Each structure stands twice: as C-alpha cells, then as structure tokens.
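What follows is the content of model03.pdb (PDB, C-alpha atoms, pLDDT in the B column).
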MODEL        1
ATOM      1  CA  MET N   1     -39.791-105.629 -16.917  1.00 40.00           C
ATOM      2  CA  LYS N   2     -40.891-109.263 -16.858  1.00 51.00           C
ATOM      3  CA  ASN N   3     -42.333-109.129 -20.365  1.00 48.00           C
ATOM      4  CA  ASP N   4     -39.114-107.700 -21.818  1.00 51.00           C
ATOM      5  CA  LYS N   5     -37.850-109.904 -24.658  1.00 54.00           C
ATOM      6  CA  ASN N   6     -34.315-109.273 -23.419  1.00 67.00           C
ATOM      7  CA  TYR N   7     -35.094-110.780 -20.023  1.00 75.00           C
ATOM      8  CA  MET N   8     -32.480-112.468 -17.842  1.00 92.00           C
ATOM      9  CA  ILE N   9     -34.068-114.755 -15.266  1.00 95.00           C
ATOM     10  CA  LYS N  10     -31.898-115.141 -12.175  1.00 96.00           C
ATOM     11  CA  VAL N  11     -32.324-118.616 -10.706  1.00 97.00           C
ATOM     12  CA  ALA N  12     -31.140-120.140  -7.419  1.00 97.00           C
ATOM     13  CA  ILE N  13     -31.065-123.896  -6.810  1.00 97.00           C
ATOM     14  CA  VAL N  14     -31.517-125.635  -3.452  1.00 97.00           C
ATOM     15  CA  GLU N  15     -30.736-129.322  -3.998  1.00 96.00           C
ATOM     16  CA  ASP N  16     -28.601-131.745  -1.962  1.00 94.00           C
ATOM     17  CA  ASN N  17     -27.901-134.218  -4.802  1.00 94.00           C
ATOM     18  CA  ASN N  18     -24.634-133.051  -6.352  1.00 94.00           C
ATOM     19  CA  THR N  19     -25.285-134.519  -9.800  1.00 94.00           C
ATOM     20  CA  ILE N  20     -28.762-133.020 -10.072  1.00 93.00           C
ATOM     21  CA  ARG N  21     -27.693-129.649  -8.656  1.00 95.00           C
ATOM     22  CA  GLU N  22     -24.712-129.329 -11.005  1.00 95.00           C
ATOM     23  CA  GLY N  23     -26.778-130.504 -13.981  1.00 95.00           C
ATOM     24  CA  LEU N  24     -29.477-127.919 -13.291  1.00 95.00           C
ATOM     25  CA  ALA N  25     -26.883-125.167 -12.853  1.00 97.00           C
ATOM     26  CA  ALA N  26     -25.248-126.078 -16.180  1.00 96.00           C
ATOM     27  CA  LEU N  27     -28.622-126.187 -17.955  1.00 96.00           C
ATOM     28  CA  ILE N  28     -29.705-122.814 -16.609  1.00 96.00           C
ATOM     29  CA  SER N  29     -26.432-120.948 -17.076  1.00 94.00           C
ATOM     30  CA  GLY N  30     -25.973-122.482 -20.533  1.00 95.00           C
ATOM     31  CA  THR N  31     -29.334-121.204 -21.800  1.00 95.00           C
ATOM     32  CA  ASN N  32     -29.847-117.681 -23.173  1.00 95.00           C
ATOM     33  CA  GLY N  33     -32.059-115.590 -20.910  1.00 95.00           C
ATOM     34  CA  TYR N  34     -31.253-117.597 -17.772  1.00 96.00           C
ATOM     35  CA  ASP N  35     -28.557-117.172 -15.144  1.00 96.00           C
ATOM     36  CA  CYS N  36     -27.826-119.440 -12.188  1.00 97.00           C
ATOM     37  CA  VAL N  37     -26.958-116.987  -9.404  1.00 96.00           C
ATOM     38  CA  GLY N  38     -26.528-119.497  -6.587  1.00 96.00           C
ATOM     39  CA  THR N  39     -26.519-123.207  -5.733  1.00 97.00           C
ATOM     40  CA  TYR N  40     -27.132-124.529  -2.232  1.00 97.00           C
ATOM     41  CA  ILE N  41     -26.933-127.974  -0.665  1.00 95.00           C
ATOM     42  CA  LYS N  42     -29.276-127.098   2.194  1.00 94.00           C
ATOM     43  CA  CYS N  43     -31.957-124.560   3.067  1.00 96.00           C
ATOM     44  CA  GLU N  44     -30.055-123.075   5.988  1.00 96.00           C
ATOM     45  CA  THR N  45     -27.289-121.762   3.716  1.00 96.00           C
ATOM     46  CA  PHE N  46     -29.801-120.493   1.166  1.00 97.00           C
ATOM     47  CA  LEU N  47     -31.827-118.646   3.828  1.00 96.00           C
ATOM     48  CA  GLU N  48     -28.683-117.014   5.236  1.00 95.00           C
ATOM     49  CA  ASP N  49     -27.757-115.810   1.760  1.00 95.00           C
ATOM     50  CA  LEU N  50     -31.266-114.699   0.723  1.00 95.00           C
ATOM     51  CA  PRO N  51     -31.515-111.191   2.255  1.00 93.00           C
ATOM     52  CA  GLY N  52     -30.385-108.719  -0.380  1.00 84.00           C
ATOM     53  CA  LYS N  53     -29.730-111.470  -2.938  1.00 91.00           C
ATOM     54  CA  ASP N  54     -31.123-110.725  -6.415  1.00 92.00           C
ATOM     55  CA  ILE N  55     -33.128-113.875  -7.244  1.00 95.00           C
ATOM     56  CA  ASP N  56     -36.166-114.200  -9.515  1.00 95.00           C
ATOM     57  CA  VAL N  57     -36.976-117.903  -9.191  1.00 96.00           C
ATOM     58  CA  VAL N  58     -35.850-120.587  -6.749  1.00 97.00           C
ATOM     59  CA  LEU N  59     -35.801-124.293  -7.616  1.00 96.00           C
ATOM     60  CA  MET N  60     -36.380-126.009  -4.269  1.00 95.00           C
ATOM     61  CA  ASP N  61     -36.081-129.692  -3.420  1.00 93.00           C
ATOM     62  CA  ILE N  62     -38.297-131.060  -0.618  1.00 90.00           C
ATOM     63  CA  GLY N  63     -36.194-133.866   0.882  1.00 88.00           C
ATOM     64  CA  LEU N  64     -33.289-131.790   2.148  1.00 91.00           C
ATOM     65  CA  PRO N  65     -31.004-132.369   5.147  1.00 90.00           C
ATOM     66  CA  GLY N  66     -31.930-130.154   8.104  1.00 92.00           C
ATOM     67  CA  ILE N  67     -34.743-127.760   7.213  1.00 93.00           C
ATOM     68  CA  SER N  68     -37.070-129.411   4.673  1.00 92.00           C
ATOM     69  CA  GLY N  69     -37.934-127.722   1.413  1.00 93.00           C
ATOM     70  CA  ILE N  70     -41.481-127.075   2.599  1.00 92.00           C
ATOM     71  CA  GLU N  71     -40.290-125.385   5.777  1.00 93.00           C
ATOM     72  CA  GLY N  72     -37.695-123.584   3.660  1.00 94.00           C
ATOM     73  CA  VAL N  73     -40.430-122.123   1.464  1.00 94.00           C
ATOM     74  CA  LYS N  74     -42.217-120.728   4.533  1.00 93.00           C
ATOM     75  CA  LYS N  75     -39.036-119.168   5.912  1.00 94.00           C
ATOM     76  CA  ALA N  76     -37.978-117.787   2.522  1.00 95.00           C
ATOM     77  CA  LYS N  77     -41.380-116.116   2.068  1.00 92.00           C
ATOM     78  CA  GLU N  78     -40.978-114.508   5.501  1.00 92.00           C
ATOM     79  CA  ILE N  79     -37.634-113.037   4.418  1.00 94.00           C
ATOM     80  CA  GLU N  80     -38.656-112.123   0.845  1.00 92.00           C
ATOM     81  CA  PRO N  81     -42.476-112.274   0.512  1.00 90.00           C
ATOM     82  CA  GLY N  82     -42.349-111.677  -3.245  1.00 88.00           C
ATOM     83  CA  ILE N  83     -39.895-114.462  -4.079  1.00 92.00           C
ATOM     84  CA  ASP N  84     -41.140-117.147  -6.494  1.00 94.00           C
ATOM     85  CA  ILE N  85     -40.339-120.737  -5.532  1.00 95.00           C
ATOM     86  CA  LEU N  86     -40.804-123.737  -7.807  1.00 94.00           C
ATOM     87  CA  MET N  87     -40.693-127.123  -6.090  1.00 91.00           C
ATOM     88  CA  LEU N  88     -38.656-129.681  -8.031  1.00 87.00           C
ATOM     89  CA  THR N  89     -38.902-133.032  -6.315  1.00 82.00           C
ATOM     90  CA  VAL N  90     -39.445-136.786  -6.574  1.00 81.00           C
ATOM     91  CA  TYR N  91     -42.578-136.584  -4.388  1.00 72.00           C
ATOM     92  CA  GLU N  92     -45.938-136.874  -6.142  1.00 70.00           C
ATOM     93  CA  ASP N  93     -48.077-137.613  -3.084  1.00 69.00           C
ATOM     94  CA  ASN N  94     -50.965-135.142  -3.006  1.00 65.00           C
ATOM     95  CA  SER N  95     -50.553-134.376   0.712  1.00 71.00           C
ATOM     96  CA  VAL N  96     -46.963-133.258   0.067  1.00 78.00           C
ATOM     97  CA  VAL N  97     -48.048-131.295  -3.003  1.00 77.00           C
ATOM     98  CA  PHE N  98     -50.667-129.373  -1.053  1.00 76.00           C
ATOM     99  CA  GLU N  99     -48.366-128.802   1.904  1.00 82.00           C
ATOM    100  CA  ALA N 100     -45.813-127.239  -0.453  1.00 84.00           C
ATOM    101  CA  LEU N 101     -48.391-125.080  -2.227  1.00 82.00           C
ATOM    102  CA  CYS N 102     -49.927-123.947   1.068  1.00 81.00           C
ATOM    103  CA  ALA N 103     -46.444-123.051   2.315  1.00 85.00           C
ATOM    104  CA  GLY N 104     -46.143-120.578  -0.556  1.00 87.00           C
ATOM    105  CA  ALA N 105     -44.670-122.480  -3.511  1.00 89.00           C
ATOM    106  CA  CYS N 106     -46.027-121.243  -6.835  1.00 88.00           C
ATOM    107  CA  GLY N 107     -45.388-124.391  -8.869  1.00 88.00           C
ATOM    108  CA  TYR N 108     -44.580-128.072  -8.501  1.00 88.00           C
ATOM    109  CA  LEU N 109     -42.619-130.260 -10.922  1.00 87.00           C
ATOM    110  CA  VAL N 110     -41.140-133.736 -10.604  1.00 85.00           C
ATOM    111  CA  LYS N 111     -37.429-134.206 -11.188  1.00 85.00           C
ATOM    112  CA  LYS N 112     -37.992-136.345 -14.279  1.00 86.00           C
ATOM    113  CA  THR N 113     -39.379-133.238 -16.047  1.00 87.00           C
ATOM    114  CA  PRO N 114     -37.552-132.807 -19.405  1.00 91.00           C
ATOM    115  CA  PRO N 115     -35.003-129.939 -19.490  1.00 93.00           C
ATOM    116  CA  LEU N 116     -36.948-127.889 -22.053  1.00 93.00           C
ATOM    117  CA  ARG N 117     -40.155-128.133 -20.004  1.00 92.00           C
ATOM    118  CA  LEU N 118     -38.220-127.134 -16.875  1.00 93.00           C
ATOM    119  CA  LEU N 119     -36.879-124.006 -18.586  1.00 95.00           C
ATOM    120  CA  GLU N 120     -40.398-123.176 -19.783  1.00 94.00           C
ATOM    121  CA  ALA N 121     -41.708-123.655 -16.230  1.00 93.00           C
ATOM    122  CA  ILE N 122     -39.076-121.303 -14.794  1.00 95.00           C
ATOM    123  CA  LYS N 123     -40.084-118.654 -17.340  1.00 94.00           C
ATOM    124  CA  GLU N 124     -43.752-119.311 -16.565  1.00 92.00           C
ATOM    125  CA  VAL N 125     -43.126-118.705 -12.851  1.00 92.00           C
ATOM    126  CA  TYR N 126     -41.123-115.571 -13.693  1.00 93.00           C
ATOM    127  CA  GLU N 127     -44.095-114.271 -15.684  1.00 91.00           C
ATOM    128  CA  GLY N 128     -46.581-114.954 -12.895  1.00 88.00           C
ATOM    129  CA  GLY N 129     -47.737-118.479 -13.721  1.00 87.00           C
ATOM    130  CA  SER N 130     -48.022-121.627 -11.594  1.00 84.00           C
ATOM    131  CA  PRO N 131     -46.670-124.582 -13.576  1.00 86.00           C
ATOM    132  CA  MET N 132     -47.337-128.140 -12.435  1.00 82.00           C
ATOM    133  CA  SER N 133     -46.663-131.580 -13.834  1.00 73.00           C
ATOM    134  CA  SER N 134     -49.848-132.847 -15.512  1.00 71.00           C
ATOM    135  CA  ASN N 135     -50.420-135.685 -13.036  1.00 71.00           C
ATOM    136  CA  ILE N 136     -49.972-133.286 -10.098  1.00 72.00           C
ATOM    137  CA  ALA N 137     -52.363-130.786 -11.667  1.00 70.00           C
ATOM    138  CA  ARG N 138     -54.897-133.604 -11.996  1.00 72.00           C
ATOM    139  CA  GLN N 139     -54.500-134.397  -8.279  1.00 71.00           C
ATOM    140  CA  VAL N 140     -55.042-130.731  -7.403  1.00 70.00           C
ATOM    141  CA  ILE N 141     -58.206-130.534  -9.503  1.00 71.00           C
ATOM    142  CA  THR N 142     -59.551-133.817  -8.115  1.00 73.00           C
ATOM    143  CA  LEU N 143     -58.990-132.758  -4.522  1.00 70.00           C
ATOM    144  CA  PHE N 144     -60.635-129.370  -5.096  1.00 69.00           C
ATOM    145  CA  GLN N 145     -63.619-131.099  -6.678  1.00 71.00           C
ATOM    146  CA  GLN N 146     -63.899-133.524  -3.749  1.00 71.00           C
ATOM    147  CA  ASN N 147     -63.669-130.687  -1.216  1.00 69.00           C
ATOM    148  CA  ALA N 148     -66.262-128.654  -3.106  1.00 66.00           C
ATOM    149  CA  ALA N 149     -68.636-131.640  -3.171  1.00 65.00           C
ATOM    150  CA  ILE N 150     -68.174-132.242   0.562  1.00 65.00           C
ATOM    151  CA  GLU N 151     -68.735-128.546   1.346  1.00 64.00           C
ATOM    152  CA  GLN N 152     -71.895-128.560  -0.760  1.00 65.00           C
ATOM    153  CA  GLU N 153     -73.192-131.656   1.020  1.00 62.00           C
ATOM    154  CA  ASN N 154     -72.376-130.194   4.429  1.00 61.00           C
ATOM    155  CA  GLU N 155     -74.226-127.013   3.491  1.00 63.00           C
ATOM    156  CA  GLU N 156     -77.231-129.114   2.530  1.00 62.00           C
ATOM    157  CA  TYR N 157     -77.277-130.762   5.985  1.00 77.00           C
ATOM    158  CA  LYS N 158     -77.504-127.322   7.651  1.00 84.00           C
ATOM    159  CA  LEU N 159     -76.713-128.489  11.175  1.00 89.00           C
ATOM    160  CA  THR N 160     -76.833-125.698  13.753  1.00 91.00           C
ATOM    161  CA  ASN N 161     -73.811-124.997  15.930  1.00 91.00           C
ATOM    162  CA  ARG N 162     -75.628-126.553  18.903  1.00 94.00           C
ATOM    163  CA  GLU N 163     -76.425-129.682  16.910  1.00 94.00           C
ATOM    164  CA  LYS N 164     -72.766-129.954  15.933  1.00 92.00           C
ATOM    165  CA  GLU N 165     -71.794-129.618  19.613  1.00 94.00           C
ATOM    166  CA  VAL N 166     -74.202-132.418  20.563  1.00 94.00           C
ATOM    167  CA  LEU N 167     -72.894-134.567  17.708  1.00 93.00           C
ATOM    168  CA  PHE N 168     -69.303-133.957  18.793  1.00 92.00           C
ATOM    169  CA  LYS N 169     -70.177-134.989  22.359  1.00 92.00           C
ATOM    170  CA  LEU N 170     -71.785-138.153  20.972  1.00 90.00           C
ATOM    171  CA  SER N 171     -68.596-138.901  19.057  1.00 91.00           C
ATOM    172  CA  GLU N 172     -66.679-138.727  22.345  1.00 89.00           C
ATOM    173  CA  GLY N 173     -68.890-141.467  23.758  1.00 89.00           C
ATOM    174  CA  ASN N 174     -70.985-139.301  26.088  1.00 91.00           C
ATOM    175  CA  ASN N 175     -74.526-140.362  26.996  1.00 92.00           C
ATOM    176  CA  TYR N 176     -77.537-138.013  26.946  1.00 93.00           C
ATOM    177  CA  GLN N 177     -77.143-136.979  30.579  1.00 94.00           C
ATOM    178  CA  GLU N 178     -73.417-136.239  30.164  1.00 94.00           C
ATOM    179  CA  ILE N 179     -74.118-134.172  27.056  1.00 94.00           C
ATOM    180  CA  ALA N 180     -76.851-132.265  28.886  1.00 95.00           C
ATOM    181  CA  ASP N 181     -74.526-131.527  31.808  1.00 95.00           C
ATOM    182  CA  ALA N 182     -71.651-130.463  29.559  1.00 94.00           C
ATOM    183  CA  LEU N 183     -73.792-128.107  27.461  1.00 95.00           C
ATOM    184  CA  PHE N 184     -75.980-126.851  30.347  1.00 95.00           C
ATOM    185  CA  ILE N 185     -79.199-128.018  28.707  1.00 95.00           C
ATOM    186  CA  SER N 186     -81.868-130.551  29.657  1.00 95.00           C
ATOM    187  CA  VAL N 187     -81.872-134.196  28.583  1.00 93.00           C
ATOM    188  CA  ASP N 188     -85.115-133.527  26.683  1.00 93.00           C
ATOM    189  CA  THR N 189     -83.350-130.773  24.741  1.00 95.00           C
ATOM    190  CA  VAL N 190     -80.524-133.191  23.936  1.00 94.00           C
ATOM    191  CA  ARG N 191     -83.097-135.686  22.616  1.00 93.00           C
ATOM    192  CA  HIS N 192     -84.687-132.932  20.517  1.00 93.00           C
ATOM    193  CA  HIS N 193     -81.324-132.009  18.996  1.00 94.00           C
ATOM    194  CA  ILE N 194     -80.490-135.652  18.262  1.00 92.00           C
ATOM    195  CA  ARG N 195     -83.840-136.186  16.501  1.00 92.00           C
ATOM    196  CA  ASN N 196     -83.044-133.160  14.316  1.00 92.00           C
ATOM    197  CA  ILE N 197     -79.535-134.487  13.644  1.00 93.00           C
ATOM    198  CA  TYR N 198     -80.920-137.875  12.543  1.00 90.00           C
ATOM    199  CA  SER N 199     -83.414-136.168  10.251  1.00 89.00           C
ATOM    200  CA  LYS N 200     -80.874-133.805   8.659  1.00 89.00           C
ATOM    201  CA  LEU N 201     -78.183-136.456   8.167  1.00 89.00           C
ATOM    202  CA  HIS N 202     -80.702-139.091   7.024  1.00 86.00           C
ATOM    203  CA  VAL N 203     -79.503-141.650   9.589  1.00 88.00           C
ATOM    204  CA  HIS N 204     -81.223-143.785  12.219  1.00 86.00           C
ATOM    205  CA  SER N 205     -78.663-144.326  14.992  1.00 85.00           C
ATOM    206  CA  GLN N 206     -75.930-142.589  16.985  1.00 86.00           C
ATOM    207  CA  SER N 207     -73.195-144.662  15.357  1.00 86.00           C
ATOM    208  CA  GLU N 208     -74.480-143.810  11.862  1.00 86.00           C
ATOM    209  CA  ALA N 209     -74.704-140.113  12.753  1.00 88.00           C
ATOM    210  CA  VAL N 210     -71.176-139.976  14.176  1.00 89.00           C
ATOM    211  CA  ALA N 211     -69.679-141.986  11.317  1.00 88.00           C
ATOM    212  CA  LYS N 212     -71.316-139.819   8.657  1.00 86.00           C
ATOM    213  CA  ALA N 213     -70.366-136.586  10.429  1.00 87.00           C
ATOM    214  CA  ILE N 214     -66.719-137.639  10.637  1.00 86.00           C
ATOM    215  CA  ARG N 215     -66.677-138.911   7.047  1.00 82.00           C
ATOM    216  CA  ARG N 216     -68.148-135.643   5.773  1.00 80.00           C
ATOM    217  CA  GLY N 217     -65.892-133.457   7.895  1.00 81.00           C
ATOM    218  CA  ILE N 218     -68.819-131.988   9.838  1.00 84.00           C
ATOM    219  CA  ILE N 219     -67.087-132.637  13.165  1.00 82.00           C
TER
ENDMDL
END
Write out the structure in this file as structure tokens.
Amino acid sequence: MKNDKNYMIKVAIVEDNNTIREGLAALISGTNGYDCVGTYIKCETFLEDLPGKDIDVVLMDIGLPGISGIEGVKKAKEIEPGIDILMLTVYEDNSVVFEALCAGACGYLVKKTPPLRLLEAIKEVYEGGSPMSSNIARQVITLFQQNAAIEQENEEYKLTNREKEVLFKLSEGNNYQEIADALFISVDTVRHHIRNIYSKLHVHSQSEAVAKAIRRGII
C-alpha cells in the first residue's frame, strides 16, 4: 500500500543529459525507500519499455531528442493511464507548464530543485500529490485567477450566440450587408444586434467592440 512505512518507490528517469541522469539515478538508488528501475536517454526507448514495466513515478525531461517530454507524457498515459509523471526541467515558462500539466503530468519541478526536495516530491507524487516549484505554483494560481476573472466578465456581458456571430463577422471585416447575407437575416436585424453588442460591451464603435471581444476571449 502507498501509505506503508516500508514503501519502496520505483522510479524511472527520462533525461538526455548524461550527468544529470546518472546523478538522479545515484540519488534515488542510494536513498532508502527509493529504487531507480530504469534510465532512458529518449522517450521512444522509455515508451517501448513501459508496457508491463513496474514503475511508480517517472521523472521526465521536456527538451528531449525526438519525442518531446510533453508528447511523451501523453503517449505514456495512453499506455499506462495510472502512471504518475513528474516533469523535471529547466523550463519555467507558464505556457510550457500548462501544456505539460494538460498532457497529464502530475507535478512540475525545475532541475535546480535541491536533492532532498526532489525526493520529497517523488514521495508526494507516489502518495497522490502534485508537487510544484513555488514560482511555478504561483504562475498556475495567477493564470487561474486571470481566467476566472475573464470568465466572470464574459458572463456579465451575456452576449447571445447570434450577437457573438455578428461580432465575429465584424472582426473579419464584413460590412452590415455581408453579415446579413452570411447569417440570412436583414440589415436592420444586424443593426439591432450591433446596438445590443455596443450596449452590453460598453463600447461606441465597431473597432472598440471587436478589440474588447478579442481581448476578453469572447470571440
């Protein structure tokens, strides 16, 4: 059981830097309760070896030759849906962080993480947690807060689907007649929708409406 004090966490490492890979393997195998059961230079070899392999936690680099670590996470989860993968990488860019987490990674640490913290993170993953470096966790929280604020604002605007269609057509540079023809409605109806759009978005021109809709992710 995972809460057994006599646990032995079986760890695989996917890392193309020889020094880092060998250092991680020595750290893991040299620590009570941990066992390095495989080291891999690239994802392809790891994925070939994965079926039937007894692994609890995978340490996965992102910048790998061939299949990237992010793509490797997706493929590994297809082979073994329950496998836990902890990204260990130099990348701290939030777009890369979210891509990795959306791919199925359950934690994200930078390579400068101290050895003791890394061992704690592996155990945390093993026990069902999602460890992240503090600065990465801050990025995650900030982005969630921003998305929540945008969603709340968009909800407040309450544009109908038809109004969004008209707004999208405006953003493509269509005039009223072209929008009317495309949506099979009259020009007067287009004008009516645009008046409502201006009122709901609190703007006074087409360019303002389009700019705000794009900025807020409405279209």
Can you work out the spacing between CA of Ala76 (chain N) and CA of Arg138 (chain N) in Å, to one decimal?
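According to the coordinates, CA of Ala76 (chain N) and CA of Arg138 (chain N) are separated by 27.3 Å.
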Using the chain letters and residue numbers of this document, give as a CSV table (one decimal) with C-alpha atoms, in the frame of the given file the residues selected by the PyMOL selection byres ((chain N and resi 188-195) around 9).
chain,number,residue,atom,x,y,z
N,162,ARG,CA,-75.6,-126.6,18.9
N,163,GLU,CA,-76.4,-129.7,16.9
N,166,VAL,CA,-74.2,-132.4,20.6
N,167,LEU,CA,-72.9,-134.6,17.7
N,176,TYR,CA,-77.5,-138.0,26.9
N,177,GLN,CA,-77.1,-137.0,30.6
N,179,ILE,CA,-74.1,-134.2,27.1
N,180,ALA,CA,-76.9,-132.3,28.9
N,185,ILE,CA,-79.2,-128.0,28.7
N,186,SER,CA,-81.9,-130.6,29.7
N,187,VAL,CA,-81.9,-134.2,28.6
N,196,ASN,CA,-83.0,-133.2,14.3
N,197,ILE,CA,-79.5,-134.5,13.6
N,198,TYR,CA,-80.9,-137.9,12.5
N,199,SER,CA,-83.4,-136.2,10.3
N,200,LYS,CA,-80.9,-133.8,8.7
N,206,GLN,CA,-75.9,-142.6,17.0
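Here CA of Asp61 (chain N) is placed at a distance of 9.2 Å from CA of Cys43 (chain N).
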For Pro81 (chain N), the closest of N:Ala103, N:Asp16, N:Gly30, N:Ala209 counting all atoms listed in the file is N:Ala103
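Our summary of the geometry notes that CA of Arg117 (chain N) is positioned 15.9 Å from CA of Ile20 (chain N).
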Might you pull out every residue within 6 Å of Leu86 (chain N), with all atoms listed in the file counted and same-chain residues fewer than 5 positions away left off, and present them as an mmCIF file with C-alpha atoms, in the frame of the given file?
data_model
loop_
_atom_site.group_PDB
_atom_site.id
_atom_site.type_symbol
_atom_site.label_atom_id
_atom_site.label_comp_id
_atom_site.auth_asym_id
_atom_site.auth_seq_id
_atom_site.Cartn_x
_atom_site.Cartn_y
_atom_site.Cartn_z
ATOM 1 C CA VAL N 58 -35.850 -120.587 -6.749
ATOM 2 C CA LEU N 59 -35.801 -124.293 -7.616
ATOM 3 C CA ALA N 105 -44.670 -122.480 -3.511
ATOM 4 C CA CYS N 106 -46.027 -121.243 -6.835
ATOM 5 C CA GLY N 107 -45.388 -124.391 -8.869
ATOM 6 C CA TYR N 108 -44.580 -128.072 -8.501
#
Expected selection from the PyMOL selection byres ((chain N and resi 131) around 6), given as a ChimeraX atom specification:
/N:107,121,130,132
For the PyMOL selection byres ((chain N and resi 63-70) around 10), applied here, can you spell out every residue it catches as a ChimeraX atom specification?
/N:14-17,41-44,59-62,71-76,87-91,96-97,99-105
For a quick check of understanding, using all atoms listed in the file, which of N:Glu78, N:Glu127, N:Lys53, N:Gln139 has the smallest distance to Ser95 (chain N)?
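Closest to Ser95 (chain N) of all the choices is N:Gln139.
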Find the spatial neighbours of Pro51 (chain N), counting all atoms listed in the file, within a cut-off of 8 Å - ignore same-chain residues fewer than 2 positions away - and output them as an MDAnalysis selection string.
chainID N and resid 47:49 53 79:80
Find, counting all atoms listed in the file, the residue in N:Lys112, N:Lys158, N:Lys10, N:Arg216 that gets nearest to Ser29 (chain N).
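Looking only at the distances to Ser29 (chain N), the closest residue turns out to be N:Lys10.
Using all atoms listed in the file, the protein and nucleic acid residues lying no more than 9 Å from Ile218 (chain N), apart from those fewer than 5 places from it along its own chain, are Asn154, Leu159, Lys164, Lys212 and Ala213 of chain N.
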